[in-house]
>>> print(open('structure-v5.cif').read())   # mmCIF, C-alpha atoms
data_model
#
loop_
_atom_site.label_atom_id
_atom_site.label_comp_id
_atom_site.auth_asym_id
_atom_site.auth_seq_id
_atom_site.Cartn_x
_atom_site.Cartn_y
_atom_site.Cartn_z
CA MET T 1 0.00 0.00 0.00
CA ASP T 2 2.09 2.86 -1.35
CA PHE T 3 0.60 6.36 -1.25
CA ALA T 4 3.57 8.12 -2.82
CA PRO T 5 2.48 9.93 -5.99
CA SER T 6 3.45 8.25 -9.23
CA ALA T 7 6.00 9.98 -11.42
CA ARG T 8 3.18 11.01 -13.73
CA ALA T 9 1.05 12.42 -10.90
CA GLN T 10 4.03 14.24 -9.41
CA ALA T 11 4.84 15.83 -12.77
CA LEU T 12 1.22 16.92 -13.20
CA ARG T 13 1.16 18.37 -9.68
CA GLU T 14 4.27 20.41 -10.41
CA ARG T 15 2.82 21.64 -13.70
CA MET T 16 -0.48 22.52 -12.03
CA ASP T 17 1.21 24.43 -9.20
CA ALA T 18 3.26 26.36 -11.75
CA PHE T 19 0.13 27.04 -13.82
CA VAL T 20 -1.76 28.33 -10.78
CA GLU T 21 1.09 30.62 -9.74
CA ARG T 22 1.75 31.91 -13.25
CA TYR T 23 -1.78 32.37 -14.56
CA LEU T 24 -4.47 31.99 -11.90
CA LEU T 25 -3.16 33.91 -8.89
CA PRO T 26 -2.49 37.03 -11.00
CA HIS T 27 -6.13 36.82 -12.15
CA ASN T 28 -7.52 36.27 -8.63
CA PRO T 29 -8.28 39.96 -7.89
CA ALA T 30 -9.89 40.32 -11.31
CA TRP T 31 -11.99 37.20 -10.69
CA HIS T 32 -13.35 38.59 -7.43
CA ARG T 33 -13.94 42.00 -9.01
CA ALA T 34 -15.86 40.42 -11.88
CA VAL T 35 -18.04 38.46 -9.45
CA GLN T 36 -18.80 41.61 -7.45
CA GLU T 37 -19.77 43.42 -10.64
CA GLY T 38 -22.00 40.59 -11.84
CA ALA T 39 -19.73 39.57 -14.72
CA TYR T 40 -19.66 35.86 -13.96
CA PRO T 41 -17.97 33.87 -15.30
CA PRO T 42 -15.22 36.41 -15.96
CA PRO T 43 -14.38 36.99 -19.63
CA PHE T 44 -10.89 35.55 -19.21
CA MET T 45 -12.17 32.17 -17.95
CA GLU T 46 -12.48 30.61 -21.40
CA ASP T 47 -8.93 31.68 -22.28
CA LEU T 48 -7.60 30.06 -19.10
CA LYS T 49 -9.56 26.87 -19.80
CA ALA T 50 -8.15 26.68 -23.32
CA LEU T 51 -4.63 27.19 -21.98
CA ALA T 52 -5.08 24.49 -19.32
CA ARG T 53 -6.31 22.06 -21.95
CA GLU T 54 -3.34 22.82 -24.19
CA GLU T 55 -1.01 22.03 -21.29
CA GLY T 56 -2.69 18.66 -20.59
CA LEU T 57 -4.35 19.82 -17.36
CA TRP T 58 -7.89 18.82 -18.31
CA ASN T 59 -10.44 16.28 -17.02
CA LEU T 60 -7.92 14.94 -14.53
CA PHE T 61 -10.40 12.93 -12.45
CA LEU T 62 -11.92 10.15 -14.61
CA PRO T 63 -9.94 6.88 -14.55
CA GLY T 64 -12.35 5.27 -17.02
CA LEU T 65 -11.96 7.79 -19.86
CA ARG T 66 -12.04 6.30 -23.33
CA ASP T 67 -9.31 6.93 -25.88
CA ASP T 68 -11.56 9.29 -27.83
CA GLU T 69 -12.45 11.40 -24.77
CA PRO T 70 -10.36 14.37 -23.63
CA GLY T 71 -8.50 13.98 -20.36
CA THR T 72 -5.66 12.28 -18.50
CA ARG T 73 -7.25 9.07 -17.16
CA LEU T 74 -5.70 9.33 -13.67
CA SER T 75 -6.50 6.87 -10.92
CA HIS T 76 -8.23 8.16 -7.78
CA LEU T 77 -4.92 8.01 -5.91
CA GLU T 78 -3.11 9.94 -8.66
CA TYR T 79 -5.81 12.60 -8.83
CA ALA T 80 -6.02 13.17 -5.06
CA PRO T 81 -2.95 15.48 -4.73
CA LEU T 82 -4.14 17.47 -7.74
CA ALA T 83 -7.49 18.03 -6.02
CA GLU T 84 -5.57 19.22 -2.97
CA SER T 85 -3.66 21.69 -5.10
CA MET T 86 -6.83 23.02 -6.76
CA GLY T 87 -8.60 23.39 -3.43
CA ARG T 88 -6.36 26.27 -2.39
CA LEU T 89 -8.04 28.54 -4.98
CA PRO T 90 -11.75 27.67 -5.03
CA TRP T 91 -12.39 28.86 -8.59
CA ALA T 92 -9.37 27.00 -10.01
CA ALA T 93 -11.22 23.72 -10.56
CA GLU T 94 -13.35 25.22 -13.33
CA VAL T 95 -10.20 26.12 -15.28
CA PHE T 96 -9.22 22.44 -15.37
CA ASN T 97 -12.81 21.21 -15.97
CA CYS T 98 -12.71 19.52 -12.56
CA SER T 99 -15.49 21.41 -10.77
CA ALA T 100 -18.03 19.83 -8.49
CA PRO T 101 -20.74 18.80 -9.15
CA ASP T 102 -19.67 18.30 -12.78
CA THR T 103 -17.06 15.72 -11.85
CA GLY T 104 -19.63 13.47 -10.16
CA ASN T 105 -22.18 14.07 -12.89
CA MET T 106 -19.70 13.20 -15.62
CA GLU T 107 -18.87 10.01 -13.76
CA LEU T 108 -22.57 9.12 -13.54
CA LEU T 109 -23.08 9.77 -17.24
CA HIS T 110 -19.90 7.91 -18.10
CA ARG T 111 -21.12 4.83 -16.27
CA PHE T 112 -24.86 4.82 -16.91
CA ALA T 113 -25.81 7.08 -19.84
CA SER T 114 -27.23 5.74 -23.07
CA PRO T 115 -25.39 6.57 -26.31
CA ALA T 116 -27.86 9.40 -27.01
CA GLN T 117 -27.48 10.77 -23.49
CA ARG T 118 -23.70 10.66 -23.81
CA GLN T 119 -23.84 12.64 -27.01
CA GLN T 120 -26.28 15.23 -25.65
CA TRP T 121 -24.80 15.76 -22.20
CA LEU T 122 -21.55 13.94 -21.48
CA GLU T 123 -19.61 15.10 -24.51
CA PRO T 124 -20.33 18.83 -23.94
CA LEU T 125 -19.43 18.41 -20.25
CA LEU T 126 -16.13 16.71 -21.09
CA GLN T 127 -15.36 19.52 -23.52
CA GLY T 128 -16.15 22.16 -20.86
CA HIS T 129 -18.85 23.73 -23.03
CA ILE T 130 -21.62 23.39 -20.42
CA ARG T 131 -22.03 22.98 -16.66
CA SER T 132 -24.46 20.83 -14.67
CA ALA T 133 -26.03 20.37 -11.24
CA PHE T 134 -27.09 17.43 -9.08
CA ALA T 135 -30.51 17.92 -7.50
CA MET T 136 -31.05 15.76 -4.44
CA SER T 137 -31.57 17.69 -1.19
CA GLU T 138 -34.97 19.16 -0.35
CA PRO T 139 -36.16 21.89 2.05
CA ASP T 140 -38.94 20.06 3.87
CA VAL T 141 -37.30 16.72 4.70
CA ALA T 142 -34.07 15.34 6.15
CA SER T 143 -32.48 14.51 2.82
CA SER T 144 -29.73 12.45 4.45
CA ASP T 145 -32.39 9.71 4.44
CA PRO T 146 -33.40 9.39 0.76
CA THR T 147 -36.57 7.54 1.71
CA ASN T 148 -37.84 10.96 2.84
CA LEU T 149 -37.54 12.58 -0.59
CA GLN T 150 -40.81 14.11 -1.79
CA THR T 151 -39.90 15.02 -5.37
CA THR T 152 -41.61 12.43 -7.57
CA VAL T 153 -41.35 11.10 -11.09
CA ARG T 154 -44.19 9.28 -12.80
CA ARG T 155 -44.45 7.69 -16.23
CA GLU T 156 -47.08 8.81 -18.70
CA GLY T 157 -46.58 6.83 -21.88
CA ASP T 158 -43.33 8.00 -23.42
CA THR T 159 -43.03 10.95 -21.00
CA LEU T 160 -41.60 11.37 -17.50
CA VAL T 161 -43.28 13.94 -15.25
CA VAL T 162 -41.25 15.41 -12.38
CA GLN T 163 -42.83 17.31 -9.50
CA GLY T 164 -41.11 18.71 -6.43
CA ARG T 165 -38.77 21.22 -4.89
CA LYS T 166 -35.00 20.99 -4.37
CA TRP T 167 -32.61 23.32 -2.60
CA PHE T 168 -28.93 24.02 -1.98
CA ILE T 169 -28.32 22.74 -5.50
CA THR T 170 -24.72 23.63 -6.28
CA GLY T 171 -23.95 25.07 -9.69
CA ALA T 172 -27.50 25.77 -10.82
CA ALA T 173 -26.89 29.54 -11.00
CA HIS T 174 -23.88 29.21 -13.29
CA PRO T 175 -24.78 30.86 -16.62
CA HIS T 176 -23.50 27.77 -18.46
CA CYS T 177 -25.53 25.28 -16.43
CA ARG T 178 -27.72 23.31 -18.82
CA LEU T 179 -28.51 20.04 -17.01
CA LEU T 180 -30.06 18.94 -13.73
CA ILE T 181 -29.65 15.32 -12.67
CA VAL T 182 -32.68 14.97 -10.40
CA LEU T 183 -33.08 12.20 -7.83
CA CYS T 184 -36.79 11.41 -7.55
CA ARG T 185 -39.09 9.03 -5.70
CA ASN T 186 -40.96 6.72 -8.07
CA ALA T 187 -44.62 7.70 -7.90
CA ASP T 188 -45.53 4.73 -10.13
CA ASP T 189 -44.63 2.34 -7.31
CA GLU T 190 -47.40 3.73 -5.08
CA GLY T 191 -50.89 2.44 -5.59
CA SER T 192 -49.85 0.11 -8.38
CA GLY T 193 -51.21 -2.94 -6.61
CA GLU T 194 -47.78 -4.53 -6.78
CA PRO T 195 -45.58 -5.09 -3.69
CA MET T 196 -43.51 -1.98 -2.98
CA PRO T 197 -39.79 -2.36 -3.73
CA ASP T 198 -37.45 -2.08 -0.78
CA SER T 199 -36.46 1.43 0.26
CA HIS T 200 -33.25 1.33 -1.78
CA HIS T 201 -35.10 0.65 -5.05
CA GLN T 202 -37.81 3.33 -4.91
CA HIS T 203 -35.86 6.15 -6.61
CA SER T 204 -34.77 7.04 -10.10
CA MET T 205 -32.59 9.69 -11.72
CA VAL T 206 -33.95 11.93 -14.44
CA LEU T 207 -31.97 14.18 -16.80
CA VAL T 208 -33.82 17.50 -16.80
CA PRO T 209 -32.70 20.39 -19.02
CA LEU T 210 -32.49 23.54 -16.91
CA ASP T 211 -34.59 25.38 -19.50
CA ALA T 212 -37.37 22.76 -19.55
CA PRO T 213 -40.87 24.21 -19.01
CA GLY T 214 -41.76 24.05 -15.33
CA VAL T 215 -38.19 24.42 -14.03
CA GLN T 216 -37.86 27.57 -11.92
CA VAL T 217 -34.63 28.60 -10.19
CA LEU T 218 -36.22 30.51 -7.31
CA ARG T 219 -33.12 31.88 -5.58
CA ASN T 220 -29.42 31.50 -4.97
CA ILE T 221 -29.17 30.81 -1.24
CA SER T 222 -26.29 32.43 0.64
CA VAL T 223 -24.30 30.13 2.91
CA LEU T 224 -23.64 31.83 6.25
CA HIS T 225 -24.25 35.14 4.42
CA GLN T 226 -21.62 34.25 1.83
CA HIS T 227 -22.77 34.49 -1.77
CA THR T 228 -21.44 31.91 -4.24
CA PRO T 229 -21.76 32.99 -7.87
CA GLU T 230 -22.33 29.50 -9.28
CA GLY T 231 -25.09 29.11 -6.74
CA HIS T 232 -26.60 26.95 -4.04
CA CYS T 233 -30.08 27.24 -5.46
CA GLU T 234 -33.66 26.51 -4.55
CA ILE T 235 -35.41 25.02 -7.58
CA LEU T 236 -39.10 24.36 -8.19
CA LEU T 237 -39.92 21.50 -10.57
CA HIS T 238 -43.60 21.95 -11.44
CA GLN T 239 -45.03 19.25 -13.69
CA VAL T 240 -41.80 19.13 -15.67
CA ARG T 241 -42.28 16.85 -18.65
CA VAL T 242 -39.29 15.25 -20.39
CA PRO T 243 -39.05 12.29 -22.78
CA ALA T 244 -38.85 8.84 -21.20
CA SER T 245 -35.41 8.57 -22.79
CA HIS T 246 -34.22 11.08 -20.15
CA LEU T 247 -34.28 8.37 -17.48
CA LEU T 248 -30.67 7.80 -16.43
CA GLY T 249 -29.91 4.13 -15.88
CA ASP T 250 -32.68 1.80 -14.75
CA TRP T 251 -35.99 2.61 -13.11
CA GLY T 252 -35.50 2.21 -9.36
CA ALA T 253 -31.68 2.33 -9.54
CA GLY T 254 -31.34 5.96 -8.44
CA PHE T 255 -30.17 5.25 -4.91
CA ALA T 256 -27.46 2.84 -6.03
CA MET T 257 -26.24 5.30 -8.68
CA ALA T 258 -26.14 8.11 -6.12
CA GLN T 259 -24.00 5.96 -3.83
CA ALA T 260 -21.64 5.12 -6.69
CA ARG T 261 -21.27 8.84 -7.39
CA LEU T 262 -20.42 9.76 -3.81
CA GLY T 263 -17.25 7.70 -3.28
CA PRO T 264 -14.89 9.48 -5.68
CA GLY T 265 -16.68 12.78 -5.08
CA ARG T 266 -15.94 12.64 -1.37
CA VAL T 267 -12.27 11.99 -2.05
CA HIS T 268 -12.28 15.10 -4.24
CA HIS T 269 -14.07 17.17 -1.59
CA CYS T 270 -11.79 16.00 1.19
CA MET T 271 -8.58 16.61 -0.73
CA ARG T 272 -9.74 20.11 -1.67
CA SER T 273 -10.38 20.70 2.03
CA ILE T 274 -6.92 19.47 2.91
CA GLY T 275 -5.47 21.91 0.35
CA GLN T 276 -7.34 24.76 2.00
CA CYS T 277 -6.20 23.66 5.46
CA GLU T 278 -2.61 23.42 4.23
CA LEU T 279 -2.79 26.98 2.91
CA ALA T 280 -4.45 28.20 6.11
CA LEU T 281 -1.64 26.67 8.18
CA GLN T 282 0.97 28.25 5.92
CA LEU T 283 -0.64 31.67 6.25
CA ALA T 284 -1.08 31.33 10.01
CA ALA T 285 2.52 30.22 10.59
CA GLU T 286 3.87 33.19 8.65
CA ARG T 287 1.51 35.52 10.50
CA THR T 288 2.85 34.35 13.87
CA LEU T 289 6.37 35.34 12.80
CA GLU T 290 5.39 38.96 12.09
CA ARG T 291 2.68 39.78 14.66
CA ARG T 292 3.68 40.90 18.14
CA THR T 293 1.54 41.06 21.27
CA PHE T 294 2.69 41.94 24.79
CA GLY T 295 6.30 42.17 23.76
CA LYS T 296 6.46 38.80 22.01
CA TYR T 297 5.87 37.45 18.55
CA LEU T 298 2.90 35.12 18.40
CA SER T 299 5.30 32.37 17.35
CA GLU T 300 6.84 32.55 20.83
CA GLN T 301 3.54 31.92 22.61
CA SER T 302 3.32 28.29 23.70
CA ASN T 303 -0.40 27.96 23.03
CA VAL T 304 0.05 29.28 19.49
CA GLN T 305 2.87 26.80 18.95
CA ASP T 306 0.47 24.08 20.10
CA TRP T 307 -2.11 25.24 17.54
CA LEU T 308 0.40 25.06 14.71
CA ALA T 309 1.68 21.65 15.76
CA GLN T 310 -1.80 20.21 16.20
CA ALA T 311 -2.82 21.53 12.78
CA ARG T 312 0.21 19.96 11.12
CA ILE T 313 -0.46 16.59 12.77
CA ALA T 314 -4.17 16.64 11.95
CA ILE T 315 -3.63 17.62 8.30
CA ASP T 316 -1.08 14.86 7.74
CA GLN T 317 -3.32 12.30 9.44
CA ALA T 318 -6.31 13.30 7.34
CA ARG T 319 -4.32 13.26 4.12
CA LEU T 320 -3.11 9.72 4.77
CA LEU T 321 -6.65 8.52 5.49
CA VAL T 322 -8.02 10.10 2.33
CA LEU T 323 -5.18 8.73 0.20
CA GLN T 324 -5.85 5.28 1.64
CA THR T 325 -9.51 5.68 0.65
CA ALA T 326 -8.52 6.72 -2.89
CA TRP T 327 -6.30 3.63 -3.08
CA MET T 328 -9.20 1.46 -1.90
CA LEU T 329 -11.49 2.87 -4.60
CA ASP T 330 -8.83 2.03 -7.18
CA GLN T 331 -8.94 -1.64 -6.11
CA GLY T 332 -12.45 -2.04 -7.53
CA ASP T 333 -14.13 -5.25 -6.34
CA ALA T 334 -10.98 -6.59 -4.69
CA LEU T 335 -12.05 -5.12 -1.34
CA PRO T 336 -15.38 -5.64 0.48
CA ALA T 337 -17.87 -2.95 -0.52
CA ALA T 338 -18.92 -2.42 3.11
CA GLN T 339 -15.34 -1.67 4.10
CA VAL T 340 -14.97 0.89 1.33
CA ARG T 341 -18.30 2.55 2.21
CA ALA T 342 -17.27 2.88 5.85
CA GLN T 343 -13.95 4.39 4.84
CA VAL T 344 -15.64 6.90 2.52
CA ALA T 345 -17.96 7.88 5.38
CA ALA T 346 -15.00 8.28 7.72
CA ILE T 347 -13.07 10.72 5.54
CA LYS T 348 -16.14 12.92 5.21
CA VAL T 349 -16.28 13.34 9.00
CA VAL T 350 -12.54 13.80 9.33
CA ALA T 351 -12.34 16.47 6.61
CA ALA T 352 -15.17 18.55 8.06
CA GLN T 353 -13.72 18.44 11.57
CA LEU T 354 -10.25 19.19 10.26
CA GLN T 355 -11.30 22.25 8.30
CA SER T 356 -13.41 23.68 11.11
CA ASN T 357 -10.59 23.30 13.65
CA VAL T 358 -7.67 24.43 11.50
CA LEU T 359 -9.49 27.44 10.07
CA ASP T 360 -10.83 28.49 13.45
CA ARG T 361 -7.28 28.65 14.84
CA ALA T 362 -5.91 30.34 11.72
CA ILE T 363 -8.56 33.07 11.99
CA GLN T 364 -7.69 33.49 15.66
CA VAL T 365 -4.04 34.00 14.74
CA PHE T 366 -4.94 36.66 12.16
CA GLY T 367 -7.34 38.46 14.43
CA ALA T 368 -9.88 40.77 12.81
CA MET T 369 -8.22 40.42 9.41
CA GLY T 370 -9.16 36.74 9.44
CA LEU T 371 -12.84 37.71 9.42
CA SER T 372 -12.41 40.01 6.44
CA PRO T 373 -12.27 39.23 2.70
CA ASP T 374 -8.59 40.27 2.66
CA THR T 375 -7.55 36.65 3.21
CA PRO T 376 -9.27 33.43 2.05
CA LEU T 377 -9.69 32.25 5.64
CA ALA T 378 -13.30 33.37 6.19
CA GLN T 379 -14.39 31.71 2.95
CA PHE T 380 -12.51 28.52 3.86
CA TRP T 381 -14.09 28.48 7.33
CA THR T 382 -17.57 28.85 5.81
CA TRP T 383 -16.89 25.96 3.44
CA GLY T 384 -15.65 23.84 6.35
CA ARG T 385 -18.78 24.51 8.35
CA ALA T 386 -20.93 23.57 5.36
CA LEU T 387 -19.01 20.30 5.02
CA HIS T 388 -20.61 19.11 8.26
CA PHE T 389 -23.88 18.92 6.25
CA MET T 390 -22.86 18.44 2.63
CA ASP T 391 -23.34 14.91 1.25
CA GLY T 392 -24.99 14.00 4.53
CA PRO T 393 -24.43 15.24 8.09
CA ASP T 394 -21.58 14.01 10.26
CA GLU T 395 -23.97 11.96 12.37
CA VAL T 396 -25.08 9.84 9.41
CA HIS T 397 -21.50 9.05 8.45
CA LEU T 398 -20.53 8.26 12.02
CA ARG T 399 -23.47 5.85 12.16
CA SER T 400 -22.22 4.18 8.96
CA VAL T 401 -18.76 3.69 10.44
CA ALA T 402 -20.21 2.38 13.70
CA ARG T 403 -22.52 -0.08 11.91
CA HIS T 404 -19.59 -1.47 9.94
CA GLU T 405 -17.59 -1.85 13.15
CA LEU T 406 -20.48 -3.62 14.87
CA ALA T 407 -20.96 -5.93 11.88
CA GLN T 408 -17.31 -6.86 12.09
CA ALA T 409 -17.70 -7.53 15.81
CA ARG T 410 -20.71 -9.81 15.23
CA SER T 411 -18.82 -11.80 12.61
CA ARG T 412 -16.00 -12.60 15.04
CA MET T 413 -18.15 -12.84 18.18
CA GLY T 414 -16.32 -14.79 20.86
CA ALA T 415 -12.92 -14.69 19.18
CA SER T 416 -11.72 -11.97 21.52
CA SER T 417 -12.28 -14.15 24.61
CA ALA T 418 -8.74 -15.48 24.22
CA TRP T 419 -7.52 -12.08 25.42
CA PHE T 420 -9.31 -12.38 28.77
CA THR T 421 -7.59 -13.83 31.82
CA THR T 422 -9.88 -15.35 34.46
CA PRO T 423 -8.85 -16.62 37.93
CA GLU T 424 -9.40 -20.21 36.73
CA GLN T 425 -7.06 -19.69 33.80
CA LEU T 426 -4.36 -18.39 36.12
CA LEU T 427 -4.36 -21.74 37.96
CA ALA T 428 -4.63 -23.97 34.89
CA PRO T 429 -1.60 -25.14 32.86
CA PRO T 430 -1.18 -23.44 29.48
CA ARG T 431 -3.03 -25.00 26.55
CA ILE T 432 -1.30 -24.90 23.20
CA ARG T 433 -3.78 -24.66 20.34
#
>>> encode(input="structure-v5.cif", output="structure tokens")
Amino acid sequence: MDFAPSARAQALRERMDAFVERYLLPHNPAWHRAVQEGAYPPPFMEDLKALAREEGLWNLFLPGLRDDEPGTRLSHLEYAPLAESMGRLPWAAEVFNCSAPDTGNMELLHRFASPAQRQQWLEPLLQGHIRSAFAMSEPDVASSDPTNLQTTVRREGDTLVVQGRKWFITGAAHPHCRLLIVLCRNADDEGSGEPMPDSHHQHSMVLVPLDAPGVQVLRNISVLHQHTPEGHCEILLHQVRVPASHLLGDWGAGFAMAQARLGPGRVHHCMRSIGQCELALQLAAERTLERRTFGKYLSEQSNVQDWLAQARIAIDQARLLVLQTAWMLDQGDALPAAQVRAQVAAIKVVAAQLQSNVLDRAIQVFGAMGLSPDTPLAQFWTWGRALHFMDGPDEVHLRSVARHELAQARSRMGASSAWFTTPEQLLAPPRIR
């Protein structure tokens, strides 16, 4: 189990870091200015995307790319450090066509789309011509339990009819967003007279064009009063009618497809978080060397030294766990699926806790400046707090890890008794097994 980056991945990381420093950081003030002025995406974005593609820094995340599809075909383990690098500048991922939720949506389409769906949606996404969104969470239910979902899809001849409301849908406000992948409850299963499928086979995914009649983007919801230009949107789907050919995969397979999408996506999320934490630690450490209080530099205060040390240890621990998870995903069916699911759940909890703790201390080191837009720390902290909910709350993932641990305990029940020492055993001669 070797987590060292391959020579190829290391070379790409170096090229990406150089690209970011040479082209993206000089454009960072202009990007923020354009967003403030409502010119999103900025006019220079397409030029940067074309340059990234020319330099081979394009579609870095899909290990199953075909020879005729643009990209690098990296494994999950190879892509992980690149996601960390991109995470330091939140808008960088779009330059390399590696933005969430497009990455997960492209993976879904790559695995489950029909030839016609690939041509209509996957190919433009791979080319970076359009953007997309994944519509799952809803305002009136705890969406961490998909059996609660109220948005429905029903079949009427050769038409699918979608009805419901979704919110915090990332990317739906991007001017280039053209596609919603909507997770729906199957209305046809209710009242059909047939036995209801189990709770994991009651949902389907529907490809809904954002401009379809009945689709209304009601608002772009701020996150902790922070506005994101690509959006975390509330969307009304009122009697939206699309052809039956817009069903993605099989009827009733929506839950399984959503789970398949989440594994790699969580590795991407977590590595981007680690990149942000790494940058926050770097900024905080430098700040302690230049800021004086009560006759001392902050770097000389023992509690501040503890913060820096604890952040370094926690970041390195989290990175190793996420890299191990990426390696496990690369093994395919060689590892038990339950073990992989538990590991994916674990990194989600670890990344959210890491980012909240590291950013909180970094802001404390910076003082009032840490709350301002002059540094990326406030934005990073907001993202970290949101991670405690995104893709399911911490509590759900902790339950998943605990259930896997308990299942393991049940399977070996009694085996641990050999480690006990009773008074009778102390008096008995040793028994060699």
>>> atom_distance(input="structure-v5.cif", atom1="atom CA of Phe366 of chain T", atom2="atom CA of Val223 of chain T")
22.4 Å
>>> resolve_selection(input="structure-v5.cif", expression="the PyMOL selection byres ((chain T and resi 285) around 10)", output="list in words")
Leu279, Ala280, Leu281, Gln282, Leu283, Ala284, Glu286, Arg287, Thr288, Leu289, Glu290, Leu298, Ser299, Val304, Gln305, Trp307, Leu308, Ala362, Val365 and Phe366 of chain T
>>> resolve_selection(input="structure-v5.cif", expression="the PyMOL selection byres ((chain T and resi 106-120) around 9)", output="MDAnalysis selection string")
chainID T and resid 62 64:65 101:105 121:126 207 245:250 257:258 260:261
>>> residues_near_point(input="structure-v5.cif", point="(-10.7, 19.8, -10.2)", cutoff="12 Å", atoms="all atoms listed in the file", output="PDB file with C-alpha atoms, in the coordinates of the input")
ATOM      1  CA  ARG T  13       1.160  18.370  -9.680  1.00  0.00           C
ATOM      2  CA  MET T  16      -0.480  22.520 -12.030  1.00  0.00           C
ATOM      3  CA  LYS T  49      -9.560  26.870 -19.800  1.00  0.00           C
ATOM      4  CA  ALA T  52      -5.080  24.490 -19.320  1.00  0.00           C
ATOM      5  CA  LEU T  57      -4.350  19.820 -17.360  1.00  0.00           C
ATOM      6  CA  TRP T  58      -7.890  18.820 -18.310  1.00  0.00           C
ATOM      7  CA  ASN T  59     -10.440  16.280 -17.020  1.00  0.00           C
ATOM      8  CA  LEU T  60      -7.920  14.940 -14.530  1.00  0.00           C
ATOM      9  CA  PHE T  61     -10.400  12.930 -12.450  1.00  0.00           C
ATOM     10  CA  LEU T  62     -11.920  10.150 -14.610  1.00  0.00           C
ATOM     11  CA  GLY T  71      -8.500  13.980 -20.360  1.00  0.00           C
ATOM     12  CA  TYR T  79      -5.810  12.600  -8.830  1.00  0.00           C
ATOM     13  CA  ALA T  80      -6.020  13.170  -5.060  1.00  0.00           C
ATOM     14  CA  PRO T  81      -2.950  15.480  -4.730  1.00  0.00           C
ATOM     15  CA  LEU T  82      -4.140  17.470  -7.740  1.00  0.00           C
ATOM     16  CA  ALA T  83      -7.490  18.030  -6.020  1.00  0.00           C
ATOM     17  CA  GLU T  84      -5.570  19.220  -2.970  1.00  0.00           C
ATOM     18  CA  SER T  85      -3.660  21.690  -5.100  1.00  0.00           C
ATOM     19  CA  MET T  86      -6.830  23.020  -6.760  1.00  0.00           C
ATOM     20  CA  GLY T  87      -8.600  23.390  -3.430  1.00  0.00           C
ATOM     21  CA  ARG T  88      -6.360  26.270  -2.390  1.00  0.00           C
ATOM     22  CA  LEU T  89      -8.040  28.540  -4.980  1.00  0.00           C
ATOM     23  CA  PRO T  90     -11.750  27.670  -5.030  1.00  0.00           C
ATOM     24  CA  TRP T  91     -12.390  28.860  -8.590  1.00  0.00           C
ATOM     25  CA  ALA T  92      -9.370  27.000 -10.010  1.00  0.00           C
ATOM     26  CA  ALA T  93     -11.220  23.720 -10.560  1.00  0.00           C
ATOM     27  CA  GLU T  94     -13.350  25.220 -13.330  1.00  0.00           C
ATOM     28  CA  VAL T  95     -10.200  26.120 -15.280  1.00  0.00           C
ATOM     29  CA  PHE T  96      -9.220  22.440 -15.370  1.00  0.00           C
ATOM     30  CA  ASN T  97     -12.810  21.210 -15.970  1.00  0.00           C
ATOM     31  CA  CYS T  98     -12.710  19.520 -12.560  1.00  0.00           C
ATOM     32  CA  SER T  99     -15.490  21.410 -10.770  1.00  0.00           C
ATOM     33  CA  ALA T 100     -18.030  19.830  -8.490  1.00  0.00           C
ATOM     34  CA  PRO T 101     -20.740  18.800  -9.150  1.00  0.00           C
ATOM     35  CA  ASP T 102     -19.670  18.300 -12.780  1.00  0.00           C
ATOM     36  CA  THR T 103     -17.060  15.720 -11.850  1.00  0.00           C
ATOM     37  CA  GLY T 104     -19.630  13.470 -10.160  1.00  0.00           C
ATOM     38  CA  GLY T 265     -16.680  12.780  -5.080  1.00  0.00           C
ATOM     39  CA  VAL T 267     -12.270  11.990  -2.050  1.00  0.00           C
ATOM     40  CA  HIS T 268     -12.280  15.100  -4.240  1.00  0.00           C
ATOM     41  CA  HIS T 269     -14.070  17.170  -1.590  1.00  0.00           C
ATOM     42  CA  MET T 271      -8.580  16.610  -0.730  1.00  0.00           C
ATOM     43  CA  ARG T 272      -9.740  20.110  -1.670  1.00  0.00           C
ATOM     44  CA  GLY T 275      -5.470  21.910   0.350  1.00  0.00           C
TER      45      GLY T 275
END
>>> closest_residue(input="structure-v5.cif", among="T:Ala415, T:Ala386, T:Leu218, T:Val153", to="Pro243 of chain T", atoms="only C-alpha atoms")
T:Val153
>>> atom_distance(input="structure-v5.cif", atom1="atom CA of Arg361 of chain T", atom2="atom CA of Trp381 of chain T")
10.1 Å
>>> build_atoms(input="structure-v5.cif", residues="segment 259-264 of chain T", atoms="N, CA and C atoms", output="PDB file, in the frame of the given file")
ATOM      1  N   GLN T 259     -25.069   6.465  -4.685  1.00  0.00           N
ATOM      2  CA  GLN T 259     -24.000   5.960  -3.830  1.00  0.00           C
ATOM      3  C   GLN T 259     -22.711   5.786  -4.627  1.00  0.00           C
ATOM      4  N   ALA T 260     -22.831   5.300  -5.855  1.00  0.00           N
ATOM      5  CA  ALA T 260     -21.640   5.120  -6.690  1.00  0.00           C
ATOM      6  C   ALA T 260     -20.985   6.451  -6.982  1.00  0.00           C
ATOM      7  N   ARG T 261     -21.787   7.499  -7.110  1.00  0.00           N
ATOM      8  CA  ARG T 261     -21.270   8.840  -7.390  1.00  0.00           C
ATOM      9  C   ARG T 261     -20.516   9.421  -6.207  1.00  0.00           C
ATOM     10  N   LEU T 262     -20.926   9.068  -4.990  1.00  0.00           N
ATOM     11  CA  LEU T 262     -20.420   9.760  -3.810  1.00  0.00           C
ATOM     12  C   LEU T 262     -18.993   9.372  -3.440  1.00  0.00           C
ATOM     13  N   GLY T 263     -18.576   8.125  -3.708  1.00  0.00           N
ATOM     14  CA  GLY T 263     -17.250   7.700  -3.280  1.00  0.00           C
ATOM     15  C   GLY T 263     -16.132   8.561  -3.818  1.00  0.00           C
ATOM     16  N   PRO T 264     -15.935   8.607  -5.140  1.00  0.00           N
ATOM     17  CA  PRO T 264     -14.890   9.480  -5.680  1.00  0.00           C
ATOM     18  C   PRO T 264     -15.122  10.948  -5.348  1.00  0.00           C
TER      19      PRO T 264
END
